[in-house]
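Next comes structure-v6.txt, a file with compact mmCIF, C-alpha atoms.
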# COMPACT_ATOMS: atom_id res chain seq x y z
CA MET A 1 -53.68 -51.31 173.29
CA PHE A 2 -50.21 -50.13 172.32
CA LYS A 3 -51.73 -48.45 169.27
CA ASN A 4 -54.02 -46.49 171.53
CA ILE A 5 -51.12 -45.18 173.56
CA LEU A 6 -49.38 -44.00 170.40
CA LYS A 7 -52.52 -42.37 169.09
CA ARG A 8 -53.39 -40.59 172.29
CA LYS A 9 -52.93 -36.86 172.16
CA SER A 10 -50.52 -35.33 174.61
CA SER A 11 -52.06 -33.05 177.22
CA ARG A 12 -50.15 -30.20 175.58
CA GLU A 13 -52.00 -30.77 172.30
CA ILE A 14 -55.32 -31.11 174.08
CA ALA A 15 -54.72 -27.80 175.89
CA LYS A 16 -53.77 -26.06 172.67
CA ASP A 17 -56.80 -27.35 170.77
CA ARG A 18 -59.18 -26.47 173.59
CA LEU A 19 -57.76 -22.97 173.90
CA LYS A 20 -57.99 -22.26 170.19
CA ILE A 21 -61.69 -23.07 170.12
CA LEU A 22 -62.35 -21.33 173.42
CA LEU A 23 -60.63 -18.10 172.43
CA ILE A 24 -62.47 -17.84 169.15
CA SER A 25 -65.78 -17.77 170.98
CA ASP A 26 -64.35 -15.56 173.78
CA ARG A 27 -63.09 -13.00 171.30
CA VAL A 28 -66.34 -12.56 169.43
CA ASN A 29 -68.54 -13.17 172.41
CA CYS A 30 -70.20 -16.07 170.66
CA SER A 31 -70.77 -19.42 172.34
CA PRO A 32 -69.97 -22.79 170.79
CA GLU A 33 -73.71 -23.56 170.92
CA MET A 34 -74.46 -20.48 168.86
CA MET A 35 -71.76 -21.44 166.37
CA GLU A 36 -73.44 -24.81 166.02
CA MET A 37 -76.78 -23.12 165.38
CA ILE A 38 -75.28 -20.83 162.76
CA LYS A 39 -73.68 -23.84 161.12
CA ASN A 40 -76.95 -25.74 160.99
CA ASP A 41 -78.81 -22.75 159.56
CA ILE A 42 -76.20 -22.21 156.87
CA ALA A 43 -76.38 -25.88 155.96
CA LYS A 44 -80.16 -25.68 155.71
CA VAL A 45 -80.07 -22.69 153.35
CA ILE A 46 -77.33 -24.04 151.08
CA SER A 47 -79.02 -27.43 150.94
CA LYS A 48 -81.96 -25.80 149.16
CA TYR A 49 -79.75 -25.23 146.13
CA MET A 50 -77.14 -27.98 146.13
CA LYS A 51 -76.21 -31.19 147.83
CA ILE A 52 -73.57 -30.58 150.46
CA ASP A 53 -71.62 -32.68 152.91
CA THR A 54 -73.08 -31.39 156.16
CA LYS A 55 -71.02 -33.77 158.25
CA SER A 56 -67.64 -32.44 157.21
CA MET A 57 -68.56 -28.79 156.82
CA GLU A 58 -66.77 -26.40 159.14
CA ILE A 59 -67.38 -22.85 160.19
CA GLN A 60 -64.93 -20.70 162.04
CA ILE A 61 -64.59 -17.12 163.12
CA THR A 62 -61.11 -15.81 162.51
CA LYS A 63 -59.38 -12.49 162.51
CA THR A 64 -59.01 -10.83 159.13
CA SER A 65 -55.37 -9.96 159.38
CA SER A 66 -52.79 -12.69 159.83
CA LYS A 67 -50.21 -10.26 161.21
CA GLY A 68 -50.95 -8.70 164.56
CA ARG A 69 -54.18 -9.00 166.42
CA ASN A 70 -56.71 -7.24 164.31
CA LEU A 71 -59.75 -8.34 166.23
CA LYS A 72 -61.88 -5.43 165.15
CA ASN A 73 -63.01 -7.22 161.99
CA PRO A 74 -63.56 -10.88 162.72
CA THR A 75 -64.61 -12.90 159.67
CA LEU A 76 -66.81 -15.94 159.46
CA TYR A 77 -65.30 -18.64 157.27
CA ALA A 78 -67.41 -21.52 156.10
CA ASN A 79 -65.90 -24.58 154.50
CA ILE A 80 -68.72 -26.47 152.83
CA PRO A 81 -67.86 -29.48 150.65
CA ILE A 82 -70.30 -29.78 147.73
CA LEU A 83 -71.35 -33.31 146.83
CA ASP A 84 -73.51 -32.48 143.82
CA LEU A 85 -74.13 -29.10 142.20
CA LYS A 86 -77.40 -30.12 140.58
CA GLN A 87 -80.24 -31.25 142.69
CA MET B 88 -37.90 9.91 177.35
CA SER B 89 -39.89 8.31 180.10
CA GLU B 90 -42.09 5.28 179.63
CA VAL B 91 -44.98 4.06 181.77
CA ILE B 92 -45.30 0.26 181.73
CA VAL B 93 -48.17 -1.70 183.24
CA VAL B 94 -47.52 -5.31 184.27
CA THR B 95 -50.79 -7.20 184.02
CA SER B 96 -52.20 -10.69 183.53
CA GLY B 97 -55.89 -11.00 184.31
CA LYS B 98 -55.46 -14.16 186.33
CA GLY B 99 -53.95 -13.93 189.81
CA GLY B 100 -50.85 -15.72 190.96
CA VAL B 101 -49.03 -15.90 187.63
CA GLY B 102 -46.19 -13.62 188.71
CA LYS B 103 -47.17 -9.98 188.09
CA THR B 104 -45.63 -8.69 191.31
CA THR B 105 -42.47 -10.79 190.94
CA THR B 106 -42.11 -9.55 187.38
CA SER B 107 -42.69 -5.92 188.39
CA ALA B 108 -40.11 -6.18 191.18
CA ASN B 109 -37.48 -7.83 189.01
CA VAL B 110 -37.96 -5.70 185.91
CA GLY B 111 -37.95 -2.53 188.03
CA THR B 112 -34.88 -3.57 189.98
CA GLY B 113 -33.11 -4.75 186.84
CA LEU B 114 -33.70 -1.47 185.03
CA ALA B 115 -32.49 0.48 188.08
CA ALA B 116 -29.37 -1.70 188.24
CA MET B 117 -28.75 -0.69 184.64
CA GLY B 118 -28.69 2.93 185.74
CA LYS B 119 -32.26 3.92 184.84
CA LYS B 120 -34.32 5.96 187.23
CA VAL B 121 -37.28 3.73 188.05
CA LEU B 122 -40.47 4.14 190.03
CA LEU B 123 -42.45 1.04 190.96
CA ILE B 124 -46.10 1.69 191.78
CA ASP B 125 -48.20 -0.96 193.50
CA THR B 126 -51.76 -0.38 192.28
CA ASP B 127 -53.28 -3.32 194.13
CA ILE B 128 -55.18 -1.35 196.76
CA GLY B 129 -56.22 -3.54 199.69
CA LEU B 130 -53.86 -6.39 198.79
CA ARG B 131 -50.47 -4.78 198.62
CA ASN B 132 -47.53 -7.09 198.08
CA LEU B 133 -44.90 -5.36 196.00
CA ASP B 134 -43.43 -3.88 199.19
CA VAL B 135 -42.78 -7.32 200.75
CA VAL B 136 -41.42 -8.80 197.54
CA MET B 137 -39.04 -5.83 197.37
CA GLY B 138 -38.19 -6.14 201.08
CA LEU B 139 -39.31 -2.56 201.76
CA GLU B 140 -42.37 -3.27 203.93
CA ASN B 141 -40.85 -1.73 207.05
CA ARG B 142 -40.25 1.64 205.47
CA ILE B 143 -43.80 2.57 204.44
CA VAL B 144 -45.14 5.82 205.84
CA TYR B 145 -47.54 7.10 203.21
CA ASN B 146 -49.14 5.25 200.29
CA LEU B 147 -50.82 5.67 196.92
CA VAL B 148 -54.19 6.63 198.40
CA ASP B 149 -52.56 9.26 200.64
CA VAL B 150 -50.97 10.80 197.55
CA VAL B 151 -54.20 10.80 195.58
CA GLU B 152 -56.19 12.23 198.48
CA GLY B 153 -53.57 14.88 199.12
CA ASN B 154 -52.67 13.72 202.67
CA CYS B 155 -49.00 14.07 201.79
CA ARG B 156 -46.74 15.33 199.05
CA ILE B 157 -45.80 12.73 196.41
CA LYS B 158 -42.12 12.92 197.43
CA GLN B 159 -42.99 11.90 200.99
CA ALA B 160 -44.65 8.68 199.87
CA LEU B 161 -41.81 7.49 197.63
CA ILE B 162 -39.49 4.94 199.28
CA ARG B 163 -35.96 4.98 198.00
CA ASP B 164 -34.40 1.52 197.78
CA LYS B 165 -31.06 1.74 199.59
CA ARG B 166 -29.58 -1.06 197.48
CA TYR B 167 -30.21 0.78 194.20
CA PRO B 168 -29.91 4.57 194.31
CA THR B 169 -32.21 5.11 191.31
CA LEU B 170 -35.03 2.81 192.44
CA PHE B 171 -38.19 4.05 194.15
CA LEU B 172 -41.40 2.42 195.34
CA LEU B 173 -44.81 3.96 195.79
CA PRO B 174 -46.64 1.41 197.95
CA SER B 175 -50.34 0.73 197.84
CA ALA B 176 -52.78 1.16 200.72
CA GLN B 177 -53.60 -1.97 202.66
CA THR B 178 -56.69 -0.85 204.55
CA ARG B 179 -58.66 0.70 201.69
CA ASP B 180 -60.43 -0.68 198.66
CA LYS B 181 -60.05 -0.31 194.92
CA SER B 182 -62.69 2.40 194.61
CA SER B 183 -60.54 4.79 196.70
CA VAL B 184 -58.80 5.82 193.49
CA ASN B 185 -60.17 6.44 190.00
CA PRO B 186 -58.44 6.32 186.59
CA ALA B 187 -58.46 10.12 186.18
CA GLN B 188 -56.60 10.54 189.47
CA MET B 189 -54.03 7.93 188.41
CA VAL B 190 -53.42 9.70 185.09
CA LYS B 191 -52.98 13.02 186.89
CA MET B 192 -50.49 11.55 189.37
CA ILE B 193 -48.50 9.71 186.70
CA ASN B 194 -48.29 12.80 184.50
CA HIS B 195 -46.94 14.67 187.49
CA LEU B 196 -44.26 12.01 188.11
CA LYS B 197 -43.44 11.11 184.53
CA ASP B 198 -40.65 13.58 183.80
CA GLN B 199 -38.78 12.65 186.98
CA PHE B 200 -38.26 9.00 185.99
CA ASP B 201 -37.02 6.98 183.03
CA TYR B 202 -39.48 4.18 183.75
CA ILE B 203 -42.64 4.00 185.81
CA ILE B 204 -43.76 0.40 186.35
CA LEU B 205 -47.30 -0.24 187.50
CA ASP B 206 -48.01 -3.53 189.22
CA CYS B 207 -51.61 -4.29 188.28
CA PRO B 208 -54.05 -6.24 190.49
CA ALA B 209 -55.68 -9.42 189.20
CA GLY B 210 -59.10 -9.10 187.60
CA ILE B 211 -60.58 -6.68 185.10
CA GLU B 212 -62.43 -4.33 187.45
CA GLN B 213 -61.62 -0.88 188.77
CA GLY B 214 -58.13 -1.83 189.97
CA PHE B 215 -57.24 -2.90 186.45
CA GLN B 216 -58.75 0.25 184.96
CA ASN B 217 -56.71 2.36 187.42
CA ALA B 218 -53.49 0.55 186.58
CA ILE B 219 -53.77 0.83 182.80
CA ALA B 220 -55.12 4.40 182.72
CA GLY B 221 -51.75 6.12 182.56
CA ALA B 222 -49.75 3.40 180.80
CA ASP B 223 -47.91 3.73 177.48
CA ARG B 224 -47.13 0.06 177.10
CA ALA B 225 -47.94 -3.25 178.75
CA LEU B 226 -46.17 -6.43 179.76
CA VAL B 227 -48.68 -9.26 179.86
CA VAL B 228 -47.59 -12.08 182.14
CA THR B 229 -48.97 -15.57 181.65
CA THR B 230 -48.07 -19.15 182.48
CA PRO B 231 -48.38 -22.05 180.02
CA GLU B 232 -51.77 -23.02 181.45
CA VAL B 233 -55.19 -22.91 179.85
CA SER B 234 -56.74 -20.62 182.47
CA ALA B 235 -53.89 -18.09 182.52
CA ILE B 236 -53.75 -17.94 178.72
CA ARG B 237 -57.48 -17.45 178.43
CA ASP B 238 -57.36 -14.57 180.90
CA ALA B 239 -54.33 -13.08 179.16
CA ASP B 240 -56.25 -13.08 175.90
CA ARG B 241 -59.11 -11.20 177.51
CA ILE B 242 -56.68 -8.68 179.03
CA ILE B 243 -54.99 -8.13 175.67
CA GLY B 244 -58.38 -7.33 174.15
CA LEU B 245 -59.11 -4.83 176.94
CA LEU B 246 -55.68 -3.20 176.59
CA GLU B 247 -56.23 -2.75 172.88
CA ALA B 248 -59.69 -1.34 173.49
CA ASN B 249 -58.03 1.18 175.81
CA GLU B 250 -55.60 2.25 173.08
CA ILE B 251 -52.55 0.52 174.53
CA HIS B 252 -50.99 -1.05 171.48
CA LYS B 253 -47.44 -1.73 172.60
CA ILE B 254 -48.00 -5.05 174.34
CA ASP B 255 -45.33 -7.67 174.98
CA LEU B 256 -45.69 -11.15 176.40
CA ILE B 257 -43.83 -12.75 179.29
CA ILE B 258 -44.31 -16.48 179.77
CA ASN B 259 -43.59 -17.41 183.35
CA ARG B 260 -43.08 -20.73 185.18
CA ILE B 261 -41.98 -22.69 182.16
CA ARG B 262 -41.05 -26.29 182.94
CA HIS B 263 -38.94 -27.75 180.23
CA ASP B 264 -39.16 -31.27 181.60
CA MET B 265 -42.94 -31.12 181.20
CA ILE B 266 -42.75 -29.57 177.72
CA LYS B 267 -40.37 -32.32 176.66
CA ARG B 268 -42.78 -35.07 177.65
CA GLY B 269 -45.69 -33.30 175.99
CA ASP B 270 -47.46 -32.20 179.15
CA MET B 271 -47.01 -28.43 178.92
CA MET B 272 -47.52 -25.96 176.11
CA SER B 273 -44.25 -24.58 174.80
CA SER B 274 -43.60 -20.86 174.46
CA GLU B 275 -44.15 -21.25 170.70
CA ASP B 276 -47.60 -22.68 171.41
CA VAL B 277 -48.48 -19.76 173.70
CA VAL B 278 -47.18 -17.16 171.25
CA ASP B 279 -49.09 -18.88 168.46
CA ILE B 280 -52.32 -18.68 170.45
CA LEU B 281 -51.96 -15.12 171.76
CA SER B 282 -50.13 -13.63 168.72
CA LEU B 283 -48.10 -11.20 170.78
CA PRO B 284 -44.39 -10.39 170.55
CA LEU B 285 -42.50 -12.40 173.16
CA ILE B 286 -40.24 -10.36 175.45
CA GLY B 287 -39.37 -12.99 178.02
CA MET B 288 -39.50 -16.62 179.04
CA VAL B 289 -38.96 -17.30 182.72
CA PRO B 290 -38.34 -20.88 183.84
CA ASP B 291 -40.06 -22.23 186.93
CA ASP B 292 -37.24 -21.65 189.36
CA GLU B 293 -37.33 -22.30 193.10
CA ASN B 294 -34.89 -19.43 193.54
CA VAL B 295 -37.85 -17.08 192.96
CA VAL B 296 -39.45 -18.36 196.16
CA ILE B 297 -36.16 -18.06 198.02
CA ALA B 298 -35.65 -14.51 196.76
CA THR B 299 -39.18 -13.55 197.78
CA ASN B 300 -38.59 -15.07 201.23
CA GLN B 301 -35.60 -12.80 201.59
CA GLY B 302 -37.24 -9.72 200.08
CA GLU B 303 -34.53 -9.39 197.49
CA PRO B 304 -35.32 -9.46 193.75
CA LEU B 305 -33.13 -12.02 191.98
CA VAL B 306 -32.71 -10.20 188.68
CA GLY B 307 -29.13 -10.41 187.46
CA SER B 308 -28.20 -13.18 189.88
CA ASN B 309 -26.64 -16.38 188.68
CA THR B 310 -29.93 -18.26 188.60
CA MET B 311 -32.07 -19.22 185.61
CA ALA B 312 -34.87 -16.85 186.55
CA GLY B 313 -32.37 -14.12 187.44
CA LYS B 314 -30.85 -14.30 183.99
CA ALA B 315 -34.24 -14.47 182.30
CA TYR B 316 -35.37 -11.28 184.08
CA GLN B 317 -32.09 -9.58 183.22
CA ASN B 318 -32.72 -10.33 179.55
CA ILE B 319 -36.27 -8.99 179.81
CA CYS B 320 -34.83 -5.71 181.12
CA TYR B 321 -32.45 -5.44 178.18
CA ARG B 322 -35.31 -6.10 175.80
CA VAL B 323 -37.46 -3.47 177.53
CA LEU B 324 -34.61 -1.05 176.84
CA GLY B 325 -34.91 -1.98 173.17
CA ARG B 326 -31.84 -4.17 172.92
CA GLU B 327 -32.06 -7.27 170.79
CA ILE B 328 -31.06 -10.07 173.11
CA PRO B 329 -31.37 -13.58 171.70
CA PHE B 330 -33.36 -16.00 173.84
CA LEU B 331 -30.87 -18.10 175.75
CA ASP B 332 -30.71 -21.85 175.55
CA PHE B 333 -32.21 -22.28 178.98
CA GLU B 334 -35.04 -19.98 177.95
CA LYS B 335 -35.70 -22.08 174.89
CA GLY B 336 -35.34 -25.27 176.86
CA ILE B 337 -32.51 -26.83 174.95
CA SER B 338 -30.98 -29.27 177.35
CA PHE B 339 -27.31 -29.74 177.89
CA TRP B 340 -27.42 -33.12 176.14
CA ALA B 341 -29.21 -31.75 173.13
CA LYS B 342 -26.44 -29.19 172.81
CA VAL B 343 -23.77 -31.83 173.14
CA SER B 344 -25.39 -33.99 170.50
CA GLY B 345 -25.75 -30.87 168.36
CA ILE B 346 -21.99 -30.36 168.48
CA PHE B 347 -21.40 -33.92 167.39
CA HIS B 348 -23.90 -33.63 164.57
CA LYS B 349 -22.19 -30.51 163.32
CA GLY B 350 -18.84 -32.28 163.39
Mind turning the file's structure into structure tokens?
Amino acid sequence: MFKNILKRKSSREIAKDRLKILLISDRVNCSPEMMEMIKNDIAKVISKYMKIDTKSMEIQITKTSSKGRNLKNPTLYANIPILDLKQ
Amino acid sequence: MSEVIVVTSGKGGVGKTTTSANVGTGLAAMGKKVLLIDTDIGLRNLDVVMGLENRIVYNLVDVVEGNCRIKQALIRDKRYPTLFLLPSAQTRDKSSVNPAQMVKMINHLKDQFDYIILDCPAGIEQGFQNAIAGADRALVVTTPEVSAIRDADRIIGLLEANEIHKIDLIINRIRHDMIKRGDMMSSEDVVDILSLPLIGMVPDDENVVIATNQGEPLVGSNTMAGKAYQNICYRVLGREIPFLDFEKGISFWAKVSGIFHKG
């Protein structure tokens, strides 16, 4: 039980994590459901050619420039771990 | 050179009017000629926060509709000889004024003041469009709460879309005791999320309520919020003022232990 208390995220961290995800979809006008659909479609296409780890793959829409708020060119990043190149 | 600053936030109740009143008063106390404009038509409040509600004759809508000359509608604050208020109309609605009329009026007033500060209504509708139409720069006010930050982010996007690129962030109602126990986002967290330059951190200070009760802005007074607003004014003027310990939330004991560690 004590372990659980230590592990529990502070409400500050929860707020920060929620906001980060929320703002990404707010900024590009793209819902989390749609992101999930895009992710599944990407996984389906890549899986035709190689074996990938669909469970730990991540996609994210970020701004291109790290300095300032250059929101005009959001970029879709996909992080897809490959399990086996040959299939 | 005169500068037109809009104070905005998206969400209501985060402290736009308090910030407008204190920044305007602070700049006037520093010798700048300042005009405060309340653009919240139908829900005017800057006049009561400033303690000038009994002196209103004409308002913003009267000026725009040509019922009076601009000079007649400006209220001079007797406490600060270079501070003026253009109050909003209470019995009209937001559509009584359009952005083109605001731009025309501000251009007419611009060369008579060092700073024109526009207190923006909550929301992103016509009132917001009116308030930002003539602005050169923006102060976005938020609190360390999820809803206020989300709205601030939306507002920042709209400001940028309207070609206002000089945007600074004010984080209001910071509670260091809550940050310390991990129950409130710190100013670093908020800056990290919104990626805006920080121009002020205002602690949650009961003196703000007291000052509003009395109709007397507390900028420059010996209170935490008073000092925080004073520093915001200096930073608006372009001075590099380091964020004070109470703004950062370093407690007295942390400082004391810091001294011992140094030794």
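Here is the contact set of chain A against chain B, at 6 Å and counting all atoms listed in the file: A:Ser10, A:Ser11, A:Arg12.
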Axis-aligned box over every listed atom of region 184-191 of chain B, padded by 4 Å per side: centre and edges in Å to one decimal, as lines of an AutoDock Vina configuration file?
center_x = -56.6
center_y = 9.4
center_z = 189.3
size_x = 15.2
size_y = 15.2
size_z = 16.4
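Proximity ranking of B:Met117, B:Val91, B:Val144, B:Ile286 relative to Glu327 (chain B) places B:Ile286 first, based on all atoms listed in the file.
You will find CA of Ala222 (chain B) at 24.9 Å from CA of Asp26 (chain A).
Those residues that approach Lys39 (chain A) to within 8 Å, counting all atoms listed in the file, are Met35, Glu36, Ile42, Ala43, Glu58 and Ile59 of chain A; same-chain residues fewer than 3 positions away are not listed.
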Atoms to include: C-alpha atoms. Write the selected residues as a short mmCIF file (atom, residue, chain, number, x, y, z; two decimals), keeping the file's coordinate frame.
data_model
loop_
_atom_site.label_atom_id
_atom_site.label_comp_id
_atom_site.auth_asym_id
_atom_site.auth_seq_id
_atom_site.Cartn_x
_atom_site.Cartn_y
_atom_site.Cartn_z
CA MET A 35 -71.76 -21.44 166.37
CA GLU A 36 -73.44 -24.81 166.02
CA ILE A 42 -76.20 -22.21 156.87
CA ALA A 43 -76.38 -25.88 155.96
CA GLU A 58 -66.77 -26.40 159.14
CA ILE A 59 -67.38 -22.85 160.19
#
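The smallest atom-to-atom distance between Leu245 (chain B) and any of B:Phe200, B:Gly153, B:Arg179, B:Gly97, using all atoms listed in the file, is found for B:Gly97.
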> At what distance in Å, to one decimal, does CA of Lys120 (chain B) lie from CA of Gln199 (chain B)?
Replying inline: 8.0 Å
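Taking CA of Ile92 (chain B) and CA of Leu114 (chain B) as the two end points, the separation is 12.2 Å.
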> Using all atoms listed in the file, which of A:Leu23, A:Ile14, A:Asp84, A:Asn40 sits nearest Lys55 (chain A)?
Replying inline: A:Asn40
> With all atoms listed in the file as the atoms that count, which of B:Ala108, B:Ile124, B:Ile258, B:Leu170 lies nearest to Ala218 (chain B)?
Replying inline: B:Ile124
> At most 7 Å from (-49.1, -8.0, 175.9), file frame, only C-alpha atoms: which residues, as number ranges by chain?
Replying inline: B: 225-227, 243, 254-256, 283
